[in-house]
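Structure record follows, encoded as structure tokens.
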Amino acid sequence: MIEARGLTKRYGDTLAVDNLSFSVAPGKITGFLGPNGAGKTTTMRLILGLDQPTSGAVTVNGRPFTQVAQPMRQVGALLDAKALHGGRSAYNHLLCLAQSNNLPKSRVDEVLVLVGLTEVARKRTRGFSLGMGQRLGIAAALLGDPEILMFDEPVNGLDPEGILWIRNLMKALAAEGRTIFVSSHLMSEMENTADHLLVIGRGKLIADCTVAEFIAANSQLTVRVRTPQQDQLAKLVAAAGGTIRENGDGAIMVSGLGTGEVGDLAYENSVRLHELAPVHASLEQAFMELTASSVQFRAGVPADGTGNGRPGDQPGATDRVIEQVLAGEVL
Amino acid sequence: MAMTSTHAPMATAGQARSGAGTPTFASVVRSEFTKIRSVRSTYWTLLVLVVVTVGFGALASYGATRGHHPHGPLFDATQQSLGGLYISQLVIGVLGVLVISSEYSTGMIRTTLTTLPRRGLMIAAKALVFAVVAFVTGLITCFASFFLGQAIMSSDHISVSLSQPNVLRAVIGGALFLTACGLLAFGLGLLLRHTAGAITTVVGLLFLLTILVSLLPATWQDHVDKWMPAMAGTQIWTTIPSQGQPAVFAPWTGFAVLCGYAAIALIAGLILFRKRDA
């Protein structure tokens with residue numbers, strides 16, 4: 001159990017973490033979501049005692065982390081896979097960490113097997129790829145067989161195989177009853193793995209709920225309709241209180257009305273429909289709507305994690321990109 | 001690399017040992033020893049330390065046999081053979097800085113402190129391990145320098161033996177001097193957290209300061225020079241009482257002054273280290 005109360009961290013003029021209060025419940029995966037620069041890493045550093053809060057406090061199982069008796073048994077953390085001495089072998093890196101916490105040497109070999117690095121254990125880590133570094137960082141986090149695991153952007157820069165590996169690992173660790181606290185700016189990643197969400201923007205907590213609740217609360221239901229009588233339907237929808245957007249591919253997107261209402265409206269007025277489908281808003285979209293006002297570094301395109309954002313696009317094309325993303329999400 | 005299970009319970013090996021998972025001073029010392037022995041820079045620096053100390057000591061000893069002037073009562077054959085220490089104090093200083101600054105330059109400090117958040121414990125263990133490594137290497141080096149130097153000077157009948165007054169104290173004192181210089185550098189490394197900056201400061205404090213003081217008026221020098229860290233510490237590896245040289249401290253007093261500087265750097269470093277964000 002991680003509990004933060006009024007957690008605040010200021011670096012000079014920048015308020016990195018602003019009065020955060022939350023708890024990370026045991027036994028599930030809690031996603032810590034926010035755009036780059038929202039304060040996710042700072043929050044994790046505060047939890048681990050690397051930084052001292054300007055005000056407020058955060059405890060791990062009821063105590064500040066700097067005072068826990070068995071740090072590695074309680075928390076395993078991977079903040080930065082490159083936070084190691086590149087001249088030291090993977091084995092010796094893990095050995096010195098294990099020794100510091102009085103953990104048996106045999107544990108080093110066990111975690112090396114677990115992450116599949118046994119064969120390169122005697123090599124210096126300077127030559128490790130990003131994926132190998134990430135595995136080594138996870139091995140270090142698992143050394144103490146900890147109750148709580150914290151990962152900061154664990155899939156950043158990994159290839160698809162590596163992403164899948166981490167995703168499965170987190171699920172397996174959670175299935176064993178561990179508490180997982182994982183940060184990401186990739187909404188799609190959270191959708192796939194997290195049970196619970198903490199969303200922050202500009203250092204402030206903006207949501208604390210389940211993934212389903214988050215989507216339901218923060219996105220409008222949209223209905224995708226294709227009809228040869230577009231003008232007629234548009235008038236009917238407007239009269240019924242709905243709003244309409246052109247999708248650009250011949251379909252229109254209706255919001256404010258459900259599929260049933262749109263279907264009935266069309267039937268009663270003899271409008272022919274070629275397509276009528278509910279669009280389930282993605283976490284991605286809900287997140288963008290929620291954080292639109294709290295993005296620290298606003299860019300022309302909401303490129304984060306969607307894979308569809310094209311850096312060349314003009315700011316005016318933002319809506320278009322979102323629609324393309326949504327089109328891909330139609331079920 | 002398919003993962004079938006992540007669960008490798010510690011109960012098998014871990015729980016068997018009492019106290020597993022709880023850091024102790026001894027366990028952190030073991031960890032810090034693993035750290036210092038598992039990087040190449042340690043071995044390179046220590047090799048340079050041995051070569052420089054023994055090499056320059058031998059050169060100084062050879063030089064003494066070639067002197068045109070007869071050697072008076074103030075000639076210190078022990079100090080002559082240990083003359084390499086004038087340079088190797090900087091080499092141990094580099095290692096002292098590196099053992100702590102490399103934690104920062106590599107980012108390792110963040111991993112170290114997330115696995116062992118009790119900062120004072122970590123620094124105490126790291127300082128102890130470094131001091132022991134510095135002292136043991138220094139002891140071997142100083143004895144090697146002494147015996148080689150005396151062997152060279154024996155041809156000129158100006159050598160001394162370990163059984164003569166103050167000689168053993170001076171040779172062991174050489175190792176103590178290196179250790180204290182190293183700890184001073186360690187403290188500065190902890191304060192500055194930056195390799196190049198800390199090494200520059202060490203060189204300035206041990207070397208340049210002494211040169212600058214020599215530029216002062218002679219009457220001032222008598223009062224200032226003896227307080228310089230290197231000058232004060234050097235007295236522990238001399239054997240001739242400072243007769244006719246009122247301007248230096250007695251051996252142990254001088255060494256205590258050097259240790260004082262090291263203590264100031266270490267304590268200031270530790271206070272900041274406990275407060276600062278890592």
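Labels used: A, B, ... for chains in the order of the structure tokens, numbers from 1 for residues in each chain, and numbers from 1 for ligands as shown.
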
All alpha helix (DSSP H) residues (DSSP, backbone) inside stretch 70-309 of chain A, as a PyMOL selection string: chain A and resi 71-74+90-100+106-115+130-142+160-175+187-193+211-218+230-239+259-268+283-291

Would you write out, as JSON lines, a table of all residues in chain A that have an atom no more than 7 Å from an atom of chain B, listing for each the closest atom pair and the distance in Å to one decimal, considering only C-alpha atoms and ordering rows by chain and rising residue number?
```
{"residue": "A:Leu48", "atom": "CA", "partner": "B:Thr114", "partner_atom": "CA", "distance": 5.9}
{"residue": "A:Gly49", "atom": "CA", "partner": "B:Pro117", "partner_atom": "CA", "distance": 6.8}
{"residue": "A:Leu50", "atom": "CA", "partner": "B:Ala278", "partner_atom": "CA", "distance": 5.3}
{"residue": "A:Asp51", "atom": "CA", "partner": "B:Asp277", "partner_atom": "CA", "distance": 4.4}
{"residue": "A:Gln52", "atom": "CA", "partner": "B:Asp277", "partner_atom": "CA", "distance": 6.4}
{"residue": "A:Thr66", "atom": "CA", "partner": "B:Pro117", "partner_atom": "CA", "distance": 4.8}
{"residue": "A:Ala69", "atom": "CA", "partner": "B:Thr22", "partner_atom": "CA", "distance": 6.1}
{"residue": "A:Gln70", "atom": "CA", "partner": "B:Thr22", "partner_atom": "CA", "distance": 4.8}
{"residue": "A:Pro71", "atom": "CA", "partner": "B:Thr115", "partner_atom": "CA", "distance": 6.0}
{"residue": "A:Met72", "atom": "CA", "partner": "B:Thr115", "partner_atom": "CA", "distance": 5.6}
{"residue": "A:Arg73", "atom": "CA", "partner": "B:Gly21", "partner_atom": "CA", "distance": 6.1}
{"residue": "A:Ala83", "atom": "CA", "partner": "B:Gly107", "partner_atom": "CA", "distance": 4.2}
{"residue": "A:Leu84", "atom": "CA", "partner": "B:Met108", "partner_atom": "CA", "distance": 4.1}
{"residue": "A:His85", "atom": "CA", "partner": "B:Thr106", "partner_atom": "CA", "distance": 5.3}
{"residue": "A:Gly87", "atom": "CA", "partner": "B:Val39", "partner_atom": "CA", "distance": 5.7}
{"residue": "A:Arg88", "atom": "CA", "partner": "B:Val39", "partner_atom": "CA", "distance": 5.5}
{"residue": "A:Asn92", "atom": "CA", "partner": "B:Ser38", "partner_atom": "CA", "distance": 6.6}
{"residue": "A:Cys96", "atom": "CA", "partner": "B:Ser31", "partner_atom": "CA", "distance": 4.4}
{"residue": "A:Leu97", "atom": "CA", "partner": "B:Ser31", "partner_atom": "CA", "distance": 6.6}
{"residue": "A:Gln99", "atom": "CA", "partner": "B:Ser31", "partner_atom": "CA", "distance": 4.9}
{"residue": "A:Ser100", "atom": "CA", "partner": "B:Val28", "partner_atom": "CA", "distance": 4.3}
{"residue": "A:Asn101", "atom": "CA", "partner": "B:Pro23", "partner_atom": "CA", "distance": 4.2}
{"residue": "A:Asn102", "atom": "CA", "partner": "B:Gly21", "partner_atom": "CA", "distance": 5.1}
{"residue": "A:Leu103", "atom": "CA", "partner": "B:Ala20", "partner_atom": "CA", "distance": 5.2}
{"residue": "A:Pro104", "atom": "CA", "partner": "B:Gly14", "partner_atom": "CA", "distance": 5.9}
{"residue": "A:Glu110", "atom": "CA", "partner": "B:Ala8", "partner_atom": "CA", "distance": 6.8}
{"residue": "A:Leu114", "atom": "CA", "partner": "B:Thr6", "partner_atom": "CA", "distance": 6.3}
{"residue": "A:Gly116", "atom": "CA", "partner": "B:Met1", "partner_atom": "CA", "distance": 5.8}
{"residue": "A:Gly144", "atom": "CA", "partner": "B:Gly21", "partner_atom": "CA", "distance": 6.9}
{"residue": "A:Asp145", "atom": "CA", "partner": "B:Met10", "partner_atom": "CA", "distance": 6.7}
{"residue": "A:Ala172", "atom": "CA", "partner": "B:Thr6", "partner_atom": "CA", "distance": 6.7}
{"residue": "A:Leu173", "atom": "CA", "partner": "B:Thr6", "partner_atom": "CA", "distance": 6.7}
```

Do you know which residues are at most 10 Å from stretch 256-266 of chain A counting only C-alpha atoms, after dropping those on the same chain fewer than 4 positions away, and could you put them as a PyMOL selection string? chain A and resi 220-225+227+229+232-233+236-238+240-244+270-273+275-279

Next, the residues of the selection above should be written as a PDB file, in the first residue's frame with C-alpha atoms.
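Heads up, here's the output in again-v1.pdb:
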```pdb
ATOM      1  CA  GLN A 220     -19.104  11.000 -24.949  1.00  0.00           C
ATOM      2  CA  LEU A 221     -20.758   8.104 -26.673  1.00  0.00           C
ATOM      3  CA  THR A 222     -20.516   8.569 -30.411  1.00  0.00           C
ATOM      4  CA  VAL A 223     -22.559   6.861 -33.092  1.00  0.00           C
ATOM      5  CA  ARG A 224     -21.201   6.335 -36.559  1.00  0.00           C
ATOM      6  CA  VAL A 225     -23.800   6.578 -39.293  1.00  0.00           C
ATOM      7  CA  THR A 227     -26.703   7.304 -45.043  1.00  0.00           C
ATOM      8  CA  GLN A 229     -29.787  11.130 -46.972  1.00  0.00           C
ATOM      9  CA  GLN A 232     -32.156  15.046 -43.861  1.00  0.00           C
ATOM     10  CA  LEU A 233     -30.703  12.992 -41.016  1.00  0.00           C
ATOM     11  CA  LEU A 236     -33.498  15.319 -37.541  1.00  0.00           C
ATOM     12  CA  VAL A 237     -30.549  14.720 -35.238  1.00  0.00           C
ATOM     13  CA  ALA A 238     -30.145  18.425 -34.568  1.00  0.00           C
ATOM     14  CA  ALA A 240     -33.544  15.784 -31.345  1.00  0.00           C
ATOM     15  CA  GLY A 241     -30.682  17.496 -29.547  1.00  0.00           C
ATOM     16  CA  GLY A 242     -27.719  15.640 -31.004  1.00  0.00           C
ATOM     17  CA  THR A 243     -24.675  17.044 -32.729  1.00  0.00           C
ATOM     18  CA  ILE A 244     -23.070  15.953 -35.945  1.00  0.00           C
ATOM     19  CA  SER A 270     -37.872   6.895 -43.624  1.00  0.00           C
ATOM     20  CA  VAL A 271     -34.200   7.693 -43.787  1.00  0.00           C
ATOM     21  CA  ARG A 272     -32.184   4.800 -45.155  1.00  0.00           C
ATOM     22  CA  LEU A 273     -29.170   3.811 -43.104  1.00  0.00           C
ATOM     23  CA  GLU A 275     -24.320   1.837 -41.309  1.00  0.00           C
ATOM     24  CA  LEU A 276     -25.178   2.410 -37.670  1.00  0.00           C
ATOM     25  CA  ALA A 277     -22.524   1.619 -35.101  1.00  0.00           C
ATOM     26  CA  PRO A 278     -21.621   2.714 -31.595  1.00  0.00           C
ATOM     27  CA  VAL A 279     -18.090   4.005 -31.289  1.00  0.00           C
TER      28      VAL A 279
END
```

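Take the candidates B:Gly233, B:Gly269, B:Pro241, B:Gly72 and check each one against B:Ala185 using only C-alpha atoms; the shortest distance goes to B:Gly269.
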
Residues near stretch 177-181 of chain B, cut-off 9 Å, only C-alpha atoms, skip fewer than 5 positions along chain, as a list of chain:residue names: B:Leu85, B:Ser88, B:Gln89, B:Leu90, B:Ile92, B:Gly93, B:Gly96, B:Phe130, B:Ala131, B:Val132, B:Val133, B:Ala134, B:Phe135, B:Gly138, B:Ile172, B:Phe186, B:Val202, B:Leu206, B:Pro229, B:Ala230, B:Gly233, B:Thr234, B:Ile236, B:Trp237, B:Phe255, B:Leu258, B:Cys259, B:Tyr261, B:Ala262

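Candidate residues A:Leu136, A:Leu130, A:Met1, A:Ile206 were compared for distance to A:Gly157, and the nearest is A:Leu130, using only C-alpha atoms.
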
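Counting from atom CA of B:Lys126, the distance to atom CA of B:Leu95 is 12.4 Å.
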
Length of the atom CA of B:Val160 to atom CA of B:Thr78 vector [Å]: 7.0 Å

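For the set B:Gly84, B:Gly63, B:Gly173, B:Gly187, the residue with the smallest atom-to-atom gap to B:Ile123 is B:Gly187, counting only C-alpha atoms.
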